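Next comes target_24.cif, with mmCIF, C-alpha atoms (C1' of nucleotides).
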```
data_coords
#
loop_
_atom_site.label_atom_id
_atom_site.label_comp_id
_atom_site.auth_asym_id
_atom_site.auth_seq_id
_atom_site.Cartn_x
_atom_site.Cartn_y
_atom_site.Cartn_z
CA MET A 1169 0.00 0.00 0.00
CA SER A 1170 2.51 2.58 1.12
CA ASP A 1171 4.92 1.68 -1.68
CA SER A 1172 7.43 4.45 -1.95
CA SER A 1173 7.70 3.57 -5.63
CA LYS A 1174 4.19 4.82 -6.37
CA LYS A 1175 3.83 8.18 -7.95
CA ARG A 1176 1.89 10.90 -6.22
CA LEU A 1177 -1.80 10.22 -6.01
CA ARG A 1178 -4.53 12.71 -6.80
CA GLY A 1179 -8.29 13.00 -6.65
CA ASP A 1180 -10.35 9.84 -6.50
CA ALA A 1181 -7.30 7.59 -6.52
CA LEU A 1182 -5.97 9.37 -3.48
CA ARG A 1183 -9.32 9.17 -1.77
CA LYS A 1184 -9.50 5.45 -2.47
CA THR A 1185 -6.00 4.87 -1.11
CA VAL A 1186 -6.85 6.78 2.03
CA LEU A 1187 -9.94 4.63 2.56
CA GLU A 1188 -8.00 1.40 2.01
CA THR A 1189 -5.24 2.46 4.38
CA THR A 1190 -7.79 3.54 6.95
CA LEU A 1191 -9.54 0.17 6.80
CA ARG A 1192 -6.24 -1.60 7.37
CA LEU A 1193 -5.24 0.56 10.32
CA PHE A 1194 -8.69 0.72 11.95
CA SER A 1195 -9.11 -3.02 11.56
CA ASP A 1196 -5.65 -3.97 12.81
CA ASN A 1197 -5.23 -1.42 15.58
CA GLY A 1198 -8.67 0.05 16.21
CA TYR A 1199 -10.12 3.49 15.62
CA PHE A 1200 -8.67 5.11 18.72
CA ASN A 1201 -5.22 3.64 18.28
CA THR A 1202 -5.03 5.11 14.79
CA SER A 1203 -4.18 8.78 14.41
CA ILE A 1204 -4.66 10.92 11.34
CA HIS A 1205 -0.88 11.13 11.25
CA ASP A 1206 -0.67 7.32 11.05
CA ILE A 1207 -3.03 7.33 8.09
CA ARG A 1208 -1.09 10.14 6.46
CA ARG A 1209 2.19 8.25 6.80
CA GLU A 1210 0.89 4.84 5.72
CA ALA A 1211 -1.08 6.19 2.80
CA GLY A 1212 1.78 8.35 1.63
CA VAL A 1213 -0.34 11.49 1.43
CA SER A 1214 -0.58 14.72 3.37
CA ILE A 1215 -2.81 15.71 6.24
CA GLY A 1216 -4.27 18.43 4.09
CA ALA A 1217 -5.28 15.97 1.39
CA ILE A 1218 -7.08 13.80 3.91
CA TYR A 1219 -9.00 16.76 5.32
CA HIS A 1220 -9.84 17.90 1.82
CA HIS A 1221 -11.69 14.63 1.15
CA PHE A 1222 -13.13 14.00 4.62
CA ARG A 1223 -14.55 16.55 7.04
CA ASN A 1224 -12.88 14.94 10.05
CA LYS A 1225 -11.78 11.62 11.46
CA GLU A 1226 -15.29 10.56 12.37
CA ALA A 1227 -16.60 11.33 8.89
CA LEU A 1228 -13.80 9.22 7.45
CA ALA A 1229 -14.86 6.28 9.61
CA GLN A 1230 -18.49 6.84 8.70
CA CYS A 1231 -17.70 6.86 4.99
CA LEU A 1232 -15.70 3.66 5.28
CA TYR A 1233 -18.42 1.99 7.30
CA ASP A 1234 -21.17 2.97 4.88
CA ASP A 1235 -19.14 1.76 1.90
CA LEU A 1236 -18.44 -1.63 3.39
CA LEU A 1237 -21.95 -2.14 4.71
CA GLN A 1238 -23.27 -1.30 1.26
CA ARG A 1239 -20.94 -3.82 -0.39
CA MET A 1240 -22.04 -6.51 2.05
CA SER A 1241 -25.69 -5.68 1.47
CA VAL A 1242 -25.30 -6.05 -2.26
CA ALA A 1243 -23.40 -9.32 -1.97
CA ILE A 1244 -25.94 -10.84 0.40
CA SER A 1245 -28.98 -9.74 -1.58
CA GLU A 1246 -27.44 -11.22 -4.74
CA VAL A 1247 -26.93 -14.53 -2.99
CA VAL A 1248 -30.48 -14.52 -1.67
CA GLU A 1249 -32.08 -13.59 -4.97
CA GLU A 1250 -30.33 -16.21 -7.02
CA ARG A 1251 -31.50 -19.02 -4.74
CA THR A 1252 -34.84 -20.42 -3.70
CA GLY A 1253 -35.76 -22.07 -0.44
CA CYS A 1254 -34.76 -20.97 3.01
CA ARG A 1255 -32.11 -23.62 3.50
CA GLU A 1256 -30.34 -22.86 0.24
CA GLN A 1257 -30.47 -19.14 0.92
CA CYS A 1258 -28.96 -19.67 4.36
CA ARG A 1259 -26.27 -21.86 2.87
CA GLY A 1260 -25.44 -19.16 0.36
CA ILE A 1261 -25.24 -16.47 3.02
CA ILE A 1262 -22.99 -18.48 5.33
CA ALA A 1263 -20.77 -19.57 2.43
CA LEU A 1264 -20.44 -15.93 1.40
CA LEU A 1265 -19.66 -14.80 4.94
CA PHE A 1266 -17.05 -17.52 5.35
CA ASP A 1267 -15.41 -16.72 2.03
CA LEU A 1268 -15.32 -13.00 2.80
CA THR A 1269 -13.85 -13.69 6.23
CA VAL A 1270 -10.95 -15.50 4.58
CA GLU A 1271 -10.50 -13.20 1.60
CA GLU A 1272 -11.25 -9.85 3.20
CA PRO A 1273 -10.72 -10.37 6.92
CA ARG A 1274 -10.29 -6.67 7.59
CA MET A 1275 -13.62 -5.84 6.03
CA MET A 1276 -15.35 -8.44 8.17
CA GLN A 1277 -13.47 -7.41 11.27
CA PHE A 1278 -14.44 -3.79 10.78
CA VAL A 1279 -18.03 -4.27 9.71
CA LEU A 1280 -19.14 -7.17 11.86
CA LEU A 1281 -16.99 -7.05 14.96
CA ALA A 1282 -16.01 -3.44 15.62
CA LYS A 1283 -17.90 -1.44 18.22
CA HIS A 1284 -18.95 1.40 15.94
CA ARG A 1285 -21.07 3.19 18.48
CA GLU A 1286 -17.97 4.15 20.40
CA TYR A 1287 -16.91 6.48 17.61
CA LEU A 1288 -20.03 6.80 15.46
CA PRO A 1289 -22.51 7.86 18.15
CA ASP A 1290 -25.48 8.20 15.83
CA GLU A 1291 -25.08 4.81 14.18
CA PRO A 1292 -27.79 2.27 15.02
CA PRO A 1293 -26.66 -1.14 16.33
CA ILE A 1294 -25.28 -3.47 13.70
CA CYS A 1295 -28.19 -5.89 14.15
CA SER A 1296 -30.51 -3.34 12.59
CA SER A 1297 -28.31 -2.88 9.54
CA GLN A 1298 -29.42 -4.14 6.16
CA PRO A 1299 -27.30 -7.32 6.02
CA PHE A 1300 -28.62 -8.53 9.35
CA SER A 1301 -32.11 -7.45 8.43
CA MET A 1302 -31.95 -9.58 5.28
CA MET A 1303 -30.79 -12.61 7.22
CA ARG A 1304 -33.78 -12.22 9.49
CA GLN A 1305 -36.14 -11.89 6.52
CA VAL A 1306 -34.85 -15.12 5.05
CA LEU A 1307 -35.81 -16.90 8.24
CA GLU A 1308 -39.20 -15.19 8.41
CA GLN A 1309 -40.00 -16.35 4.90
CA GLY A 1310 -38.88 -19.82 5.90
CA ILE A 1311 -41.41 -19.75 8.71
CA GLU A 1312 -44.17 -18.59 6.37
CA SER A 1313 -43.38 -21.24 3.81
CA GLY A 1314 -43.35 -23.96 6.45
CA GLU A 1315 -39.67 -24.87 6.08
CA VAL A 1316 -38.84 -23.41 9.47
CA ARG A 1317 -40.59 -24.07 12.77
CA THR A 1318 -42.88 -21.40 14.15
CA ILE A 1319 -40.61 -19.64 16.60
CA GLU A 1320 -39.73 -16.04 17.35
CA PRO A 1321 -38.02 -14.59 14.26
CA TRP A 1322 -35.20 -13.18 16.38
CA VAL A 1323 -34.60 -16.59 17.91
CA ALA A 1324 -34.70 -18.27 14.52
CA ALA A 1325 -32.20 -15.85 13.02
CA THR A 1326 -29.76 -16.02 15.92
CA ALA A 1327 -30.05 -19.81 16.03
CA MET A 1328 -29.37 -20.11 12.31
CA PHE A 1329 -26.52 -17.62 12.03
CA GLY A 1330 -25.21 -17.27 15.59
CA GLY A 1331 -22.90 -20.26 15.32
CA ALA A 1332 -21.56 -19.14 11.96
CA LEU A 1333 -20.79 -15.67 13.31
CA ARG A 1334 -18.95 -17.14 16.29
CA MET A 1335 -16.92 -19.33 13.96
CA MET A 1336 -15.99 -16.23 11.97
CA SER A 1337 -14.78 -14.59 15.16
CA LEU A 1338 -12.66 -17.63 15.94
CA GLU A 1339 -11.15 -17.50 12.45
CA LEU A 1340 -10.34 -13.80 12.78
CA ASP A 1341 -8.75 -14.45 16.18
CA GLY A 1342 -6.58 -17.13 14.59
CA THR A 1343 -8.04 -19.82 16.83
CA LEU A 1344 -9.13 -22.36 14.22
CA ASP A 1345 -6.61 -24.86 12.95
CA ARG A 1346 -8.37 -25.60 9.66
CA PRO A 1347 -9.53 -23.05 7.05
CA LEU A 1348 -12.94 -21.66 7.92
CA PRO A 1349 -14.71 -22.79 4.70
CA GLU A 1350 -13.98 -26.42 5.58
CA TYR A 1351 -16.41 -26.08 8.48
CA LEU A 1352 -19.19 -24.82 6.23
CA GLU A 1353 -21.23 -28.02 5.95
CA GLN A 1354 -21.10 -28.78 9.65
CA VAL A 1355 -22.01 -25.24 10.64
CA LEU A 1356 -24.85 -25.07 8.15
CA ASP A 1357 -26.12 -28.47 9.26
CA CYS A 1358 -26.17 -27.39 12.90
CA GLY A 1359 -27.97 -24.16 12.10
CA TRP A 1360 -30.55 -25.88 10.01
CA ARG A 1361 -31.24 -28.60 12.58
CA ALA A 1362 -31.86 -25.81 15.06
CA VAL A 1363 -34.68 -24.22 13.07
CA LYS A 1364 -36.10 -26.79 10.64
CA VAL A 1365 -39.56 -28.18 11.22
CA MET B 410 -22.46 6.16 42.89
CA SER B 411 -21.15 9.71 42.95
CA ASP B 412 -23.43 10.69 45.79
CA SER B 413 -22.14 13.91 47.22
CA SER B 414 -23.62 12.84 50.55
CA LYS B 415 -21.10 10.05 50.96
CA LYS B 416 -18.23 10.64 53.25
CA ARG B 417 -14.67 10.49 51.99
CA LEU B 418 -13.58 7.03 50.98
CA ARG B 419 -10.28 5.44 51.92
CA GLY B 420 -8.29 2.28 51.23
CA ASP B 421 -10.13 -0.77 49.93
CA ALA B 422 -13.49 0.98 49.88
CA LEU B 423 -12.05 3.67 47.65
CA ARG B 424 -10.44 1.09 45.43
CA LYS B 425 -13.74 -0.75 45.10
CA THR B 426 -15.62 2.43 44.26
CA VAL B 427 -13.07 3.29 41.60
CA LEU B 428 -13.47 -0.15 40.01
CA GLU B 429 -17.26 0.10 40.04
CA THR B 430 -17.21 3.56 38.53
CA THR B 431 -14.69 2.45 35.93
CA LEU B 432 -16.88 -0.47 34.90
CA ARG B 433 -19.83 1.84 34.45
CA LEU B 434 -17.93 4.36 32.37
CA PHE B 435 -15.97 1.85 30.28
CA SER B 436 -19.12 -0.14 29.62
CA ASP B 437 -21.31 2.86 28.77
CA ASN B 438 -18.82 4.97 26.86
CA GLY B 439 -15.88 2.71 26.06
CA TYR B 440 -12.30 2.67 27.28
CA PHE B 441 -11.04 5.40 24.98
CA ASN B 442 -13.96 7.72 25.59
CA THR B 443 -13.32 7.58 29.32
CA SER B 444 -10.56 9.72 30.78
CA ILE B 445 -8.97 9.37 34.18
CA HIS B 446 -10.55 12.72 34.99
CA ASP B 447 -13.98 11.29 34.20
CA ILE B 448 -13.37 8.45 36.62
CA ARG B 449 -12.04 10.87 39.21
CA ARG B 450 -15.13 13.07 38.97
CA GLU B 451 -17.70 10.26 38.89
CA ALA B 452 -16.07 8.30 41.71
CA GLY B 453 -15.65 11.41 43.84
CA VAL B 454 -11.97 10.76 44.47
CA SER B 455 -8.72 12.36 43.40
CA ILE B 456 -6.39 11.55 40.55
CA GLY B 457 -3.66 10.81 43.04
CA ALA B 458 -5.78 8.22 44.85
CA ILE B 459 -6.49 6.43 41.58
CA TYR B 460 -2.81 6.31 40.65
CA HIS B 461 -1.96 5.12 44.14
CA HIS B 462 -4.10 2.01 43.63
CA PHE B 463 -3.46 1.40 39.95
CA ARG B 464 -0.21 1.80 38.05
CA ASN B 465 -1.90 3.40 35.06
CA LYS B 466 -5.09 3.37 33.05
CA GLU B 467 -4.29 0.11 31.33
CA ALA B 468 -3.57 -1.63 34.63
CA LEU B 469 -6.92 -0.40 35.91
CA ALA B 470 -8.66 -1.95 32.92
CA GLN B 471 -6.68 -5.17 33.34
CA CYS B 472 -7.62 -5.42 37.00
CA LEU B 473 -11.28 -4.88 36.22
CA TYR B 474 -11.20 -7.42 33.42
CA ASP B 475 -9.49 -10.08 35.53
CA ASP B 476 -11.95 -9.55 38.40
CA LEU B 477 -15.01 -9.90 36.21
CA LEU B 478 -13.66 -12.86 34.26
CA GLN B 479 -12.90 -14.58 37.55
CA ARG B 480 -16.43 -13.96 38.82
CA MET B 481 -17.90 -15.36 35.62
CA SER B 482 -15.64 -18.40 35.80
CA VAL B 483 -16.75 -19.19 39.33
CA ALA B 484 -20.41 -18.73 38.50
CA ILE B 485 -20.23 -20.96 35.44
CA SER B 486 -18.25 -23.72 37.11
CA GLU B 487 -20.74 -23.76 39.97
CA VAL B 488 -23.61 -24.18 37.55
CA VAL B 489 -21.79 -26.95 35.70
CA GLU B 490 -20.79 -28.85 38.81
CA GLU B 491 -24.23 -28.88 40.38
CA ARG B 492 -25.79 -30.43 37.28
CA THR B 493 -25.36 -33.67 35.38
CA GLY B 494 -25.88 -34.29 31.70
CA CYS B 495 -24.79 -32.08 28.85
CA ARG B 496 -28.21 -30.66 28.14
CA GLU B 497 -28.87 -29.66 31.73
CA GLN B 498 -25.44 -28.11 32.03
CA CYS B 499 -26.02 -26.10 28.87
CA ARG B 500 -29.40 -25.00 30.16
CA GLY B 501 -27.78 -23.85 33.39
CA ILE B 502 -25.08 -21.90 31.57
CA ILE B 503 -27.47 -20.12 29.24
CA ALA B 504 -29.89 -19.36 32.07
CA LEU B 505 -27.01 -17.90 34.06
CA LEU B 506 -25.80 -15.84 31.12
CA PHE B 507 -29.29 -14.51 30.44
CA ASP B 508 -29.86 -13.62 34.08
CA LEU B 509 -26.52 -11.87 34.33
CA THR B 510 -27.23 -9.96 31.13
CA VAL B 511 -30.38 -8.54 32.71
CA GLU B 512 -29.03 -8.02 36.22
CA GLU B 513 -25.50 -6.92 35.45
CA PRO B 514 -25.58 -5.70 31.86
CA ARG B 515 -22.43 -3.67 32.26
CA MET B 516 -20.45 -6.66 33.41
CA MET B 517 -21.60 -8.68 30.42
CA GLN B 518 -21.05 -5.79 28.05
CA PHE B 519 -17.50 -5.31 29.25
CA VAL B 520 -16.49 -8.95 29.57
CA LEU B 521 -18.19 -10.51 26.58
CA LEU B 522 -18.53 -7.76 24.03
CA ALA B 523 -15.72 -5.29 24.49
CA LYS B 524 -12.67 -5.43 22.25
CA HIS B 525 -10.07 -5.83 24.98
CA ARG B 526 -7.14 -6.31 22.68
CA GLU B 527 -7.39 -2.70 21.60
CA TYR B 528 -6.28 -1.56 25.04
CA LEU B 529 -4.93 -4.74 26.65
CA PRO B 530 -2.47 -5.78 23.94
CA ASP B 531 -1.20 -8.87 25.73
CA GLU B 532 -4.61 -10.30 26.51
CA PRO B 533 -5.50 -13.50 24.61
CA PRO B 534 -8.79 -13.53 22.68
CA ILE B 535 -11.90 -13.96 24.80
CA CYS B 536 -12.63 -17.36 23.25
CA SER B 537 -9.59 -18.80 25.03
CA SER B 538 -10.68 -17.47 28.42
CA GLN B 539 -11.85 -19.83 31.11
CA PRO B 540 -15.60 -19.27 30.79
CA PHE B 541 -15.54 -20.05 27.09
CA SER B 542 -13.19 -22.95 27.66
CA MET B 543 -15.63 -24.47 30.12
CA MET B 544 -18.51 -24.14 27.68
CA ARG B 545 -16.45 -26.03 25.13
CA GLN B 546 -15.61 -28.74 27.65
CA VAL B 547 -19.27 -29.28 28.44
CA LEU B 548 -19.88 -30.01 24.77
CA GLU B 549 -16.83 -32.27 24.50
CA GLN B 550 -18.06 -34.35 27.40
CA GLY B 551 -21.46 -34.49 25.75
CA ILE B 552 -19.81 -35.95 22.66
CA GLU B 553 -17.93 -38.52 24.73
CA SER B 554 -21.05 -39.55 26.61
CA GLY B 555 -23.02 -39.91 23.39
CA GLU B 556 -25.52 -37.14 24.12
CA VAL B 557 -24.06 -34.94 21.40
CA ARG B 558 -23.31 -35.88 17.81
CA THR B 559 -19.71 -36.47 16.82
CA ILE B 560 -18.77 -33.14 15.31
CA GLU B 561 -15.88 -30.75 15.70
CA PRO B 562 -15.88 -29.45 19.28
CA TRP B 563 -15.54 -25.86 18.09
CA VAL B 564 -18.57 -26.30 15.84
CA ALA B 565 -20.56 -27.95 18.61
CA ALA B 566 -19.78 -25.18 21.09
CA THR B 567 -20.55 -22.34 18.68
CA ALA B 568 -23.74 -24.07 17.55
CA MET B 569 -24.91 -24.57 21.12
CA PHE B 570 -24.04 -21.14 22.49
CA GLY B 571 -23.75 -18.91 19.43
CA GLY B 572 -27.45 -18.15 19.28
CA ALA B 573 -27.60 -17.39 23.00
CA LEU B 574 -24.69 -15.00 22.75
CA ARG B 575 -26.31 -13.18 19.82
CA MET B 576 -29.54 -12.88 21.80
CA MET B 577 -27.55 -11.34 24.65
CA SER B 578 -26.12 -8.78 22.25
CA LEU B 579 -29.61 -7.94 21.06
CA GLU B 580 -30.75 -7.47 24.66
CA LEU B 581 -27.82 -5.19 25.45
CA ASP B 582 -28.53 -3.18 22.30
CA GLY B 583 -32.11 -2.74 23.46
CA THR B 584 -33.46 -4.50 20.39
CA LEU B 585 -35.64 -7.17 22.02
CA ASP B 586 -39.17 -6.26 23.01
CA ARG B 587 -39.56 -8.96 25.66
CA PRO B 588 -37.23 -9.66 28.61
CA LEU B 589 -34.34 -11.88 27.59
CA PRO B 590 -35.06 -14.72 30.07
CA GLU B 591 -38.44 -15.30 28.40
CA TYR B 592 -36.59 -16.53 25.33
CA LEU B 593 -34.60 -19.07 27.35
CA GLU B 594 -36.54 -22.20 26.45
CA GLN B 595 -36.68 -21.43 22.74
CA VAL B 596 -32.99 -20.57 22.57
CA LEU B 597 -31.98 -23.66 24.53
CA ASP B 598 -34.22 -25.83 22.38
CA CYS B 599 -32.64 -24.48 19.19
CA GLY B 600 -29.13 -24.99 20.48
CA TRP B 601 -29.84 -28.49 21.62
CA ARG B 602 -31.49 -29.50 18.34
CA ALA B 603 -28.36 -28.30 16.61
CA VAL B 604 -26.03 -30.65 18.45
CA LYS B 605 -28.04 -33.57 19.87
CA VAL B 606 -27.66 -37.04 18.39
"C1'" DG C 516 -3.18 7.27 51.69
"C1'" DT C 517 -5.15 11.18 49.57
"C1'" DC C 518 -4.91 15.63 47.74
"C1'" DT C 519 -3.91 19.68 44.14
"C1'" DA C 520 -1.26 21.52 40.59
"C1'" DT C 521 1.29 20.84 36.70
"C1'" DA C 522 4.49 18.70 33.45
"C1'" DA C 523 5.05 16.23 29.06
"C1'" DT C 524 3.00 14.44 25.23
"C1'" DC C 525 -0.03 13.61 21.59
"C1'" DC C 526 -3.87 14.44 18.67
"C1'" DG C 527 -7.32 16.53 15.70
"C1'" DA C 528 -7.99 20.30 13.04
"C1'" DT C 529 -6.72 24.73 10.65
"C1'" DA C 530 -4.05 28.29 7.99
"C1'" DG C 531 -2.01 29.60 4.17
"C1'" DA C 532 1.51 28.73 0.43
"C1'" DC C 533 1.85 26.50 -3.97
"C1'" DG D 988 -6.24 19.67 -4.94
"C1'" DT D 989 -2.24 18.93 -2.25
"C1'" DC D 990 1.27 20.42 0.67
"C1'" DT D 991 3.88 21.94 5.29
"C1'" DA D 992 3.78 24.06 9.62
"C1'" DT D 993 1.51 24.93 13.62
"C1'" DC D 994 -2.22 25.96 17.03
"C1'" DG D 995 -5.33 24.83 20.75
"C1'" DG D 996 -6.95 21.47 23.63
"C1'" DA D 997 -7.21 17.16 25.95
"C1'" DT D 998 -4.98 13.33 28.18
"C1'" DT D 999 -1.92 10.52 30.93
"C1'" DA D 1000 1.07 10.57 34.46
"C1'" DT D 1001 4.08 12.79 38.03
"C1'" DA D 1002 5.65 15.93 41.89
"C1'" DG D 1003 5.21 17.29 46.18
"C1'" DA D 1004 2.23 19.12 50.08
"C1'" DC D 1005 -0.68 17.42 53.77
#
```

If you convert what's in this file into structure tokens, what do you get?
Amino acid sequence: MSDSSKKRLRGDALRKTVLETTLRLFSDNGYFNTSIHDIRREAGVSIGAIYHHFRNKEALAQCLYDDLLQRMSVAISEVVEERTGCREQCRGIIALLFDLTVEEPRMMQFVLLAKHREYLPDEPPICSSQPFSMMRQVLEQGIESGEVRTIEPWVAATAMFGGALRMMSLELDGTLDRPLPEYLEQVLDCGWRAVKV
Amino acid sequence: MSDSSKKRLRGDALRKTVLETTLRLFSDNGYFNTSIHDIRREAGVSIGAIYHHFRNKEALAQCLYDDLLQRMSVAISEVVEERTGCREQCRGIIALLFDLTVEEPRMMQFVLLAKHREYLPDEPPICSSQPFSMMRQVLEQGIESGEVRTIEPWVAATAMFGGALRMMSLELDGTLDRPLPEYLEQVLDCGWRAVKV
DNA sequence: GTCTATAATCCGATAGAC
DNA sequence: GTCTATCGGATTATAGAC
């Protein structure tokens, strides 16, 4: 990222580099352990350039958060729309989450595990964000269609995806000894047994 | 807590008050949004008294964390030891966790949901702490005794408790409309279906 | 053991040149 | 649009009186 060989960045390219560097630093070290000067140094740009593109540090975090949440929303809704049946939709979502956790761990760390409300005071809890809302809807439709037992939607959603989310945390903590996607079938099977009729 | 009517605290009582105030502030506002001056003001003591009892801010957080983790460990091991059978032990653990979430939300917020590694760099991930280790052991014994299917212990533990932990997060975020303990039977039932033979 | 006052440092944000 | 230099303020931690 901070290759000294790169020529000076400008405009949108600079803005993109700043966002990528910020994700890396926020994800690895946390929001409060990352100063604007750290971002400046790692991104190879100036303080002034950062403040030209982002009102302040909080706005930078907000922008990053919105971007990533939007990307996750799109990815999940694609997976849901191209499949039919609650079980297959759940499988697609968990497979996507597991793949993203391996391929873009920092994105998952920042979006799913960070405590945003500590530095984005007006942000609603992550459970009310669109990705989580879609997961819940999948379960609700499963209940309507008779694939899933008639239980509280919140309970159904947490039972189906709670284990998968914990496994993602374990992967990001470096606790698992095998690659996360290898656990997919077992995790999905457990979740489905929990909610199926 | 910061009753102006209270007489001046000294020694262990002061130390205890500082820890209680710190838990409240760290839990409500986060470690980095809480200054030593905030603690001083809210606890009704002086900066000097705080630094007399704790080497620095990080040591204060470490002390609080160790205390609470120890309390949780004791509570969980008591529940496990006074019950027999994997299912009953799991029920006891989840019931305890749900009760604690309602009665001591700040403790649960700080112990289970905070990102300690951002300010306690040498702390291992929460999943390797004693409470989580005991939960895993309960599932492993269930596999040995034939009550639980033969699956990866990590998968079994996350399947059994992952939903409960997500429900606790929802409660702490104020998302649930009914008291958390009312969901106990449904959550336990889902977890058990996920792992039983 | 507790207090007040202050030192030393760091950070977010701004000003103004180019 | 990007840069450098710097300001004002907040924070952690210490010094030294009581």

With all atoms listed in the file as the atoms that count, which of B:Gly420, B:Pro588, B:Gly439, B:Gly457 lies nearest to chain D?
B:Gly457

When you get a sec, could you note down which chain B residues fall within 10 Å of chain C, using only C-alpha atoms (C1' of nucleotides), as a PyMOL selection string?
chain B and resi 417-420+454-459+461-462

Go through the shown structure with the PyMOL selection byres ((chain A and resi 1248-1260) around 12) and write out the matching residues as an MDAnalysis selection string.
chainID A and resid 1241:1247 1261:1267 1299 1302:1317 1324:1325 1327:1329 1332 1349 1352:1365

How would you write, as a JSON list (two decimals) with C-alpha atoms, keeping the file's coordinate frame, the residues chosen by the PyMOL selection byres ((chain B and resi 468-477) around 8) on this structure?
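What landed in part_39.json:
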```
[["chain", "number", "residue", "atom", "x", "y", "z"],
["B", 428, "LEU", "CA", -13.47, -0.15, 40.01],
["B", 432, "LEU", "CA", -16.88, -0.47, 34.90],
["B", 463, "PHE", "CA", -3.46, 1.40, 39.95],
["B", 464, "ARG", "CA", -0.21, 1.80, 38.05],
["B", 465, "ASN", "CA", -1.90, 3.40, 35.06],
["B", 466, "LYS", "CA", -5.09, 3.37, 33.05],
["B", 467, "GLU", "CA", -4.29, 0.11, 31.33],
["B", 478, "LEU", "CA", -13.66, -12.86, 34.26],
["B", 479, "GLN", "CA", -12.90, -14.58, 37.55],
["B", 480, "ARG", "CA", -16.43, -13.96, 38.82],
["B", 481, "MET", "CA", -17.90, -15.36, 35.62],
["B", 516, "MET", "CA", -20.45, -6.66, 33.41],
["B", 519, "PHE", "CA", -17.50, -5.31, 29.25],
["B", 520, "VAL", "CA", -16.49, -8.95, 29.57],
["B", 529, "LEU", "CA", -4.93, -4.74, 26.65]]
```

Would you list which chain D residues are within 8 Å of chain A using only C-alpha atoms (C1' of nucleotides), as an NGL selection string?
:D and (988-990)

Just say which residues the PyMOL selection byres ((chain A and resi 1206) around 12) picks in this file, as a VMD selection string.
(chain A and resid 1170 1186 1189 to 1190 1192 to 1194 1197 to 1205 1207 to 1215 1218 1225) or (chain C and resid 526)

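One finds CA of Gly571 (chain B) at 7.5 Å from CA of Leu1333 (chain A).
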
With a distance cut-off of 10 Å and all atoms listed in the file, select the neighbouring residues of Ser578 (chain B), excluding the residue or stretch itself and same-chain residues fewer than 4 positions from it, and output the selection as a PyMOL selection string.
(chain A and resi 1293+1295) or (chain B and resi 510+517-518+521-522+572-574+582-585)

Which residue, A:Glu1350, A:Glu1291, A:Asp1345, A:Glu1286, has the smallest gap to chain B when you use only C-alpha atoms?
A:Glu1286

At what distance in Å, to one decimal, does CA of Pro1321 (chain A) lie from CA of Leu589 (chain B)?
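Spanning CA of Leu589 (chain B) to CA of Pro1321 (chain A) is a straight-line distance of 14.1 Å.
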
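Nearest to chain B of all the residues A:Thr1326, A:Leu1268, A:Tyr1351, A:Arg1183 is A:Thr1326, counting only C-alpha atoms.
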
Å distance separating CA of Pro1273 (chain A) from CA of Leu1340 (chain A), one decimal place:
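Separation of CA of Pro1273 (chain A) and CA of Leu1340 (chain A): 6.8 Å.
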
Could you check which of A:Arg1334, A:Arg1274, A:Lys1184, A:Pro1292 is closest to chain B, using all atoms listed in the file?
A:Arg1334

Could you check the closest approach to chain B for each of A:Glu1188, A:Asp1290, A:Glu1320, A:Gln1298 and tell me which residue wins, using all atoms listed in the file?
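Among the listed residues, the smallest separation from chain B belongs to A:Glu1320.
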
Point out the residue among B:Met576, B:Glu512, B:Tyr460, B:Leu423 with the least atom-to-atom distance to chain A, counting all atoms listed in the file.
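Going through B:Met576, B:Glu512, B:Tyr460, B:Leu423 one by one, the smallest distance to chain A is for B:Met576.
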